[in-house]
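The structure file final_31.cif is reproduced below (mmCIF, C-alpha atoms and all ligand atoms).
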```cif
data_entry
#
loop_
_atom_site.label_atom_id
_atom_site.label_comp_id
_atom_site.auth_asym_id
_atom_site.auth_seq_id
_atom_site.Cartn_x
_atom_site.Cartn_y
_atom_site.Cartn_z
CA MET A 1 0.00 0.00 0.00
CA LYS A 2 1.36 3.42 -0.95
CA ASP A 3 1.62 6.33 1.51
CA ILE A 4 -1.62 8.30 1.18
CA LEU A 5 0.17 11.60 1.73
CA THR A 6 1.77 11.03 -1.69
CA ALA A 7 -1.62 10.59 -3.43
CA PRO A 8 -2.27 13.18 -6.16
CA PHE A 9 -5.78 13.88 -4.83
CA ILE A 10 -4.36 14.79 -1.38
CA THR A 11 -1.84 17.10 -3.04
CA GLU A 12 -4.63 18.75 -5.03
CA MET A 13 -6.70 19.33 -1.88
CA ARG A 14 -3.69 20.78 -0.02
CA GLU A 15 -2.72 23.06 -2.88
CA THR A 16 -6.23 24.23 -3.68
CA THR A 17 -7.25 25.05 -0.11
CA ALA A 18 -3.97 26.95 0.42
CA ASN A 19 -4.47 28.81 -2.82
CA MET A 20 -8.06 29.75 -1.97
CA TYR A 21 -7.01 30.90 1.50
CA ARG A 22 -4.35 33.15 0.01
CA GLN A 23 -6.87 34.63 -2.41
CA GLY A 24 -8.71 35.83 0.71
CA TRP A 25 -11.79 33.80 -0.17
CA ASP A 26 -11.81 31.47 2.84
CA GLU A 27 -11.54 33.23 6.16
CA ARG A 28 -11.56 31.14 9.34
CA ASN A 29 -13.59 27.96 8.60
CA GLY A 30 -15.20 29.50 5.51
CA GLY A 31 -15.46 27.36 2.41
CA ASN A 32 -15.47 23.65 1.70
CA ILE A 33 -14.51 21.26 -1.09
CA SER A 34 -15.66 17.77 -1.99
CA TYR A 35 -13.95 15.72 -4.68
CA LEU A 36 -15.32 12.48 -6.12
CA LEU A 37 -12.54 9.88 -6.33
CA GLU A 38 -12.17 6.71 -8.38
CA GLU A 39 -12.36 3.57 -6.23
CA LYS A 40 -9.26 2.15 -7.89
CA GLU A 41 -7.15 5.24 -7.25
CA VAL A 42 -8.10 5.20 -3.54
CA ALA A 43 -7.42 1.42 -3.31
CA GLU A 44 -3.75 2.09 -4.05
CA TYR A 45 -3.51 3.91 -0.70
CA LEU A 46 -6.25 2.53 1.58
CA ASP A 47 -7.80 -0.82 2.48
CA LEU A 48 -11.36 -0.17 1.34
CA ASN A 49 -12.71 -2.84 3.71
CA LYS A 50 -11.47 -0.93 6.73
CA VAL A 51 -14.09 1.53 7.97
CA ILE A 52 -12.82 3.72 10.83
CA ARG A 53 -16.33 4.82 11.87
CA THR A 54 -19.64 5.73 10.34
CA ILE A 55 -21.20 9.21 10.23
CA PRO A 56 -24.90 9.85 9.53
CA THR A 57 -25.50 12.17 6.59
CA GLY A 58 -28.96 13.35 7.66
CA PHE A 59 -30.36 13.09 4.13
CA ASP A 60 -30.88 10.58 1.37
CA ALA A 61 -27.78 10.21 -0.79
CA SER A 62 -28.99 7.01 -2.49
CA GLY A 63 -27.81 8.34 -5.84
CA LEU A 64 -24.22 8.15 -4.57
CA ILE A 65 -24.08 4.73 -2.87
CA GLY A 66 -20.55 3.31 -2.98
CA LYS A 67 -19.05 6.57 -4.18
CA ILE A 68 -15.94 7.86 -2.40
CA PHE A 69 -15.21 11.52 -1.71
CA ILE A 70 -12.46 13.50 -0.10
CA VAL A 71 -14.10 16.34 1.84
CA THR A 72 -12.91 19.24 4.00
CA GLY A 73 -13.89 18.98 7.68
CA THR A 74 -16.48 20.98 9.58
CA GLY A 75 -15.05 23.87 11.59
CA LYS A 76 -11.66 23.35 9.94
CA TYR A 77 -9.64 26.19 8.43
CA PHE A 78 -8.43 26.08 4.80
CA LYS A 79 -5.32 27.80 6.17
CA ASN A 80 -4.44 24.62 8.09
CA VAL A 81 -5.15 21.85 5.55
CA ASP A 82 -1.66 21.80 4.08
CA LYS A 83 0.14 21.39 7.41
CA ASP A 84 -2.25 18.72 8.75
CA PRO A 85 -4.29 17.03 6.02
CA GLU A 86 -5.29 14.04 8.16
CA THR A 87 -7.11 16.21 10.71
CA ASN A 88 -8.63 18.73 8.31
CA LEU A 89 -9.71 16.35 5.53
CA GLY A 90 -11.58 13.06 5.43
CA ILE A 91 -12.24 10.35 2.87
CA VAL A 92 -15.77 8.97 3.09
CA ARG A 93 -17.81 6.43 1.15
CA ILE A 94 -21.61 6.62 0.95
CA ALA A 95 -22.86 3.37 2.53
CA LYS A 96 -25.46 0.98 1.12
CA ASP A 97 -28.28 2.58 3.14
CA GLY A 98 -27.65 5.91 1.38
CA THR A 99 -27.88 7.83 4.68
CA THR A 100 -24.56 6.92 6.28
CA ALA A 101 -21.02 7.87 5.35
CA GLU A 102 -18.20 5.41 6.07
CA LEU A 103 -14.99 7.12 7.14
CA LEU A 104 -11.99 5.51 5.42
CA TRP A 105 -9.33 8.05 6.37
CA GLY A 106 -8.92 11.44 8.10
CA TYR A 107 -10.94 13.59 10.54
CA LYS A 108 -8.28 12.33 12.96
CA ASP A 109 -9.50 14.42 15.90
CA GLY A 110 -12.97 12.82 15.79
CA GLY A 111 -14.34 15.44 13.40
CA LYS A 112 -16.65 15.09 10.45
CA PHE A 113 -17.34 16.54 7.05
CA THR A 114 -18.40 20.12 6.34
CA SER A 115 -21.79 21.41 7.52
CA GLU A 116 -22.51 21.99 3.83
CA PHE A 117 -22.29 18.24 3.10
CA PRO A 118 -25.96 18.13 1.97
CA ALA A 119 -25.41 20.91 -0.59
CA HIS A 120 -22.24 19.20 -1.79
CA MET A 121 -23.68 15.70 -2.16
CA MET A 122 -26.95 16.91 -3.69
CA SER A 123 -24.95 19.04 -6.11
CA HIS A 124 -22.79 16.04 -7.07
CA MET A 125 -25.96 14.05 -7.80
CA ALA A 126 -27.35 16.85 -9.97
CA ARG A 127 -24.11 17.52 -11.89
CA LEU A 128 -23.38 13.81 -12.51
CA LYS A 129 -26.74 13.56 -14.29
CA VAL A 130 -25.70 16.41 -16.60
CA ASP A 131 -22.05 15.40 -16.96
CA PRO A 132 -20.81 11.89 -16.08
CA GLU A 133 -17.25 13.25 -15.87
CA HIS A 134 -18.16 15.78 -13.16
CA ARG A 135 -15.95 15.43 -10.01
CA VAL A 136 -15.57 18.61 -7.93
CA VAL A 137 -17.86 20.82 -5.85
CA MET A 138 -16.15 23.87 -4.39
CA HIS A 139 -17.69 26.44 -2.05
CA SER A 140 -16.08 29.72 -1.09
CA HIS A 141 -16.68 33.24 0.27
CA PRO A 142 -15.00 35.53 -2.29
CA THR A 143 -15.16 39.16 -1.18
CA TYR A 144 -16.26 41.02 -4.31
CA THR A 145 -18.84 38.41 -5.32
CA ILE A 146 -20.53 38.89 -1.93
CA ALA A 147 -20.16 42.67 -2.25
CA MET A 148 -21.91 42.49 -5.62
CA ASN A 149 -24.88 40.83 -3.88
CA THR A 150 -25.43 43.94 -1.77
CA VAL A 151 -25.87 46.17 -4.84
CA CYS A 152 -27.41 43.78 -7.42
CA SER A 153 -30.75 42.07 -7.72
CA THR A 154 -30.98 38.32 -7.15
CA ASP A 155 -32.31 37.87 -10.70
CA GLU A 156 -29.81 35.39 -12.13
CA LYS A 157 -30.14 36.61 -15.72
CA GLU A 158 -29.48 40.18 -14.62
CA PHE A 159 -26.57 39.05 -12.43
CA THR A 160 -25.09 36.99 -15.27
CA HIS A 161 -25.50 39.92 -17.69
CA LYS A 162 -23.67 42.32 -15.36
CA LEU A 163 -20.72 39.91 -15.19
CA TRP A 164 -20.68 39.27 -18.94
CA GLN A 165 -20.82 43.04 -19.60
CA SER A 166 -17.81 43.79 -17.38
CA ASN A 167 -15.16 41.43 -18.76
CA THR A 168 -14.98 39.72 -22.18
CA GLU A 169 -13.65 36.50 -20.59
CA CYS A 170 -16.93 35.84 -18.79
CA ILE A 171 -19.25 34.77 -21.59
CA VAL A 172 -16.50 32.47 -22.90
CA VAL A 173 -15.75 30.89 -19.49
CA PHE A 174 -19.38 30.60 -18.34
CA PRO A 175 -21.75 30.90 -21.32
CA ASP A 176 -24.16 28.80 -19.21
CA GLY A 177 -24.36 31.73 -16.76
CA VAL A 178 -24.54 31.90 -12.97
CA GLY A 179 -27.48 30.62 -10.94
CA VAL A 180 -28.46 32.80 -7.97
CA LEU A 181 -30.21 31.74 -4.76
CA PRO A 182 -31.69 34.35 -2.42
CA CYS A 183 -30.25 34.71 1.07
CA MET A 184 -31.08 31.49 2.94
CA VAL A 185 -30.09 29.68 6.15
CA CYS A 186 -26.95 27.76 5.25
CA GLY A 187 -25.90 24.29 6.45
CA THR A 188 -29.39 22.84 5.88
CA ASN A 189 -30.93 20.23 3.60
CA GLU A 190 -33.21 22.99 2.23
CA ILE A 191 -30.34 25.07 0.88
CA GLY A 192 -28.81 21.83 -0.40
CA GLU A 193 -31.96 21.00 -2.34
CA ALA A 194 -32.25 24.55 -3.72
CA THR A 195 -28.58 24.48 -4.77
CA ALA A 196 -28.94 21.10 -6.47
CA GLU A 197 -32.00 22.35 -8.34
CA LYS A 198 -29.86 25.20 -9.77
CA MET A 199 -27.05 22.74 -10.51
CA LYS A 200 -29.28 20.99 -13.05
CA LYS A 201 -28.59 24.00 -15.23
CA PHE A 202 -25.56 25.84 -13.85
CA ARG A 203 -21.96 24.98 -12.91
CA LEU A 204 -21.86 28.14 -10.79
CA VAL A 205 -24.38 29.04 -8.08
CA VAL A 206 -24.23 32.19 -5.96
CA TRP A 207 -25.60 32.09 -2.43
CA THR A 208 -26.67 35.70 -1.92
CA ASN A 209 -24.81 37.46 0.92
CA HIS A 210 -22.80 34.30 1.59
CA GLY A 211 -20.63 33.08 -1.28
CA ILE A 212 -20.48 30.88 -4.32
CA TYR A 213 -20.39 27.26 -5.51
CA GLY A 214 -18.31 26.20 -8.48
CA THR A 215 -18.26 22.72 -9.96
CA GLY A 216 -16.33 20.88 -12.62
CA LYS A 217 -14.58 17.84 -13.99
CA THR A 218 -11.37 18.99 -12.34
CA MET A 219 -10.20 21.17 -9.49
CA ASP A 220 -8.91 23.66 -12.08
CA GLU A 221 -12.30 23.96 -13.77
CA ALA A 222 -14.18 24.62 -10.51
CA PHE A 223 -11.49 27.02 -9.28
CA GLY A 224 -11.25 28.80 -12.63
CA LEU A 225 -15.00 29.42 -12.72
CA ILE A 226 -15.02 30.98 -9.24
CA GLU A 227 -11.84 32.92 -9.99
CA THR A 228 -13.34 34.44 -13.14
CA VAL A 229 -16.56 35.45 -11.38
CA GLU A 230 -14.64 36.94 -8.46
CA LYS A 231 -12.20 38.92 -10.60
CA THR A 232 -15.10 40.30 -12.61
CA ALA A 233 -17.09 41.10 -9.47
CA GLN A 234 -14.04 43.10 -8.39
CA ILE A 235 -14.05 45.02 -11.68
CA TYR A 236 -17.79 45.61 -11.27
CA MET A 237 -17.45 46.91 -7.72
CA LEU A 238 -14.43 49.10 -8.56
CA SER A 239 -16.33 50.79 -11.36
CA LEU A 240 -19.65 51.14 -9.56
CA GLY A 241 -21.15 54.62 -10.02
CA HIS A 242 -18.70 55.56 -12.78
CA VAL A 243 -19.79 53.31 -15.63
CA VAL A 244 -19.63 54.85 -19.10
CA ASN A 245 -18.75 51.77 -21.10
CA VAL A 246 -19.90 48.16 -20.81
CA ILE A 247 -19.53 45.33 -23.33
CA PRO A 248 -22.43 45.65 -25.81
CA ASP A 249 -24.68 42.63 -26.40
CA GLU A 250 -23.53 42.50 -30.06
CA ILE A 251 -19.96 41.90 -28.90
CA LEU A 252 -21.07 39.30 -26.36
CA LYS A 253 -22.96 37.50 -29.13
CA GLY A 254 -19.89 37.82 -31.38
CA LEU A 255 -17.72 36.17 -28.70
CA ALA A 256 -20.21 33.34 -28.23
CA ASP A 257 -20.40 32.80 -32.00
CA LEU A 258 -16.61 32.87 -32.35
CA TRP A 259 -16.19 30.14 -29.72
CA GLY A 260 -19.26 28.14 -30.79
CA LEU A 261 -20.98 28.67 -27.41
CA THR A 262 -24.65 28.86 -26.51
CA PRO A 263 -25.21 31.70 -24.03
CA LEU A 264 -27.79 31.32 -21.27
CA GLU A 265 -31.10 32.07 -22.90
CA GLY A 266 -32.91 35.34 -22.18
CA VAL A 267 -29.86 37.41 -21.17
CA LEU A 268 -28.73 39.03 -24.41
CA LYS A 269 -31.15 41.38 -26.18
CA VAL A 270 -29.79 40.58 -29.65
O1 LIG B 1 -18.28 25.79 6.72
O2 LIG B 1 -18.60 28.00 4.38
O3 LIG B 1 -21.18 27.73 4.47
C1 LIG B 1 -18.15 27.12 6.47
C2 LIG B 1 -19.04 27.55 5.40
C3 LIG B 1 -20.48 27.40 5.61
ZN ZN B 2 -19.99 29.17 3.29
#
```
Reformat the file's structure so that it appears as structure tokens.
Ligand code: 2HA
Ligand code: ZN
Amino acid sequence: MKDILTAPFITEMRETTANMYRQGWDERNGGNISYLLEEKEVAEYLDLNKVIRTIPTGFDASGLIGKIFIVTGTGKYFKNVDKDPETNLGIVRIAKDGTTAELLWGYKDGGKFTSEFPAHMMSHMARLKVDPEHRVVMHSHPTYTIAMNTVCSTDEKEFTHKLWQSNTECIVVFPDGVGVLPCMVCGTNEIGEATAEKMKKFRLVVWTNHGIYGTGKTMDEAFGLIETVEKTAQIYMLSLGHVVNVIPDEILKGLADLWGLTPLEGVLKV
């Protein structure tokens, strides 16, 4: 059996959480990541018959039975993942009953997965239906994205349009747009269900006054989506009140045509 600390998926979790922390997106215990792993890649490092303990999920994850995830821990700081992965991360498998998670590694201090586990697992179920290669759900609290919530409506088409209009990269990176949920109580099955509903259509979902979810086939895709929204939200907030020039809809359509992309319907007026 190989040393799990040399596993590429552990390295990715360490690097990504450190990177997100340094971006200023994940203060204190803010943010969480879950990453769907291949059984055979985990089997190189762990005995899959050895369950350390079981943890109730509190919801029905039947769609994910047998699937294995590496997930950041509840109350844990992104800042600390790199120096102590075994305490701050855990590897869990959804058990046959669909409502229990089997801990295979990590949460060494007796901890458990993020309080946003329902939103993560429900989002995985929704995205896997759209894209069988989907792997990553990433949640974060990027400053300018949350600032934008205080001055913009929660209408997702309007929100998407404002981002597209502020930076030509946006329509190319997320032609499918950004889903927006109103301000809700986080850490609940309800916000999980609402997020998953949006995930049927979007890879990005904003939680108003709280943060954002990004998803993807890889860590880079999920990170890159959030990074592009956040950079553009910064541009938007820096220019607030002084706008004399935004990207016209004709140009946005031209970009979509050039790259063979289908923009979210009902946003562009051309
Ligand atoms: O766990 O980000 O949404 C910290 C959070 C809750
Ligand atoms: Zn959060």
Worksheet item: Please, which residues have at least one atom within 12 Å of an atom of ligand ZN 2 (chain B), using all atoms listed in the file, listed as a PyMOL selection string?
Response: chain A and resi 25-33+74-75+77+114-117+119-120+138-143+146+183-188+191+206-213
Worksheet entry | Within 10 Å of file point (-16.3, 45.2, -21.0), counting only C-alpha atoms, expressed as number ranges by chain | A: 162-170, 232, 235-236, 245-248, 251-252
Please produce an output containing C-alpha atoms for each residue in the selection, written as a PDB file, in the coordinates of the input.
```
ATOM      1  CA  LYS A 162     -23.670  42.320 -15.360  1.00  0.00           C
ATOM      2  CA  LEU A 163     -20.720  39.910 -15.190  1.00  0.00           C
ATOM      3  CA  TRP A 164     -20.680  39.270 -18.940  1.00  0.00           C
ATOM      4  CA  GLN A 165     -20.820  43.040 -19.600  1.00  0.00           C
ATOM      5  CA  SER A 166     -17.810  43.790 -17.380  1.00  0.00           C
ATOM      6  CA  ASN A 167     -15.160  41.430 -18.760  1.00  0.00           C
ATOM      7  CA  THR A 168     -14.980  39.720 -22.180  1.00  0.00           C
ATOM      8  CA  GLU A 169     -13.650  36.500 -20.590  1.00  0.00           C
ATOM      9  CA  CYS A 170     -16.930  35.840 -18.790  1.00  0.00           C
ATOM     10  CA  THR A 232     -15.100  40.300 -12.610  1.00  0.00           C
ATOM     11  CA  ILE A 235     -14.050  45.020 -11.680  1.00  0.00           C
ATOM     12  CA  TYR A 236     -17.790  45.610 -11.270  1.00  0.00           C
ATOM     13  CA  ASN A 245     -18.750  51.770 -21.100  1.00  0.00           C
ATOM     14  CA  VAL A 246     -19.900  48.160 -20.810  1.00  0.00           C
ATOM     15  CA  ILE A 247     -19.530  45.330 -23.330  1.00  0.00           C
ATOM     16  CA  PRO A 248     -22.430  45.650 -25.810  1.00  0.00           C
ATOM     17  CA  ILE A 251     -19.960  41.900 -28.900  1.00  0.00           C
ATOM     18  CA  LEU A 252     -21.070  39.300 -26.360  1.00  0.00           C
TER      19      LEU A 252
END
```
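If you count only C-alpha atoms and draw a sphere of 12 Å around (-24.3, 39.4, -27.9), the protein and nucleic acid residues inside it come out as His161, Trp164, Gln165, Thr168, Ile171, Val172, Pro175, Ile247, Pro248, Asp249, Glu250, Ile251, Leu252, Lys253, Gly254, Leu255, Ala256, Asp257, Leu258, Leu261, Thr262, Pro263, Leu264, Glu265, Gly266, Val267, Leu268, Lys269 and Val270 of chain A.
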Discussion item. At a cut-off of 9 Å, using only C-alpha atoms, what residues contact region 92-109 of chain A? Leave out same-chain residues fewer than 2 positions from it and give the result as a ChimeraX atom specification.
Written reply: /A:46-73,85-90,111-113
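The nearest approach to ligand LIG 1 (chain B) among the residues A:Glu12, A:Thr218, A:Lys76, A:Lys157, with all atoms listed in the file taken into account, belongs to A:Lys76.
CA of Lys198 (chain A) lies 21.6 Å from CA of Tyr144 (chain A).
In terms of minimum interatomic distance to ligand LIG 1 (chain B), A:Phe78 ranks closest within A:Lys83, A:Phe78, A:Lys2, A:Lys40, counting only C-alpha atoms and all ligand atoms.
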Item to complete: Please indicate the distance in Å from CA of Asp131 (chain A) to CA of Glu227 (chain A), rounded to one decimal place.
Response: 21.4 Å
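Here CA of Pro8 (chain A) and CA of Gly214 (chain A) stand 20.8 Å from one another.
Closest approach to ligand LIG 1 (chain B) among A:Gly192, A:Arg203, A:Val180, A:Arg14 is made by A:Gly192 (distances from only C-alpha atoms and all ligand atoms).
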Item to complete: Check the smallest atom-to-atom distance from each of A:His124, A:Lys129, A:Lys200, A:His242 to Thr215 (chain A) using only C-alpha atoms, then report the winner.
Response: A:His124
Worksheet, complete the sentence: Nearest to Val81 (chain A), restricted to only C-alpha atoms and choosing among A:Thr6, A:Ser239, A:Thr11, A:Thr195, comes out as A:Thr11
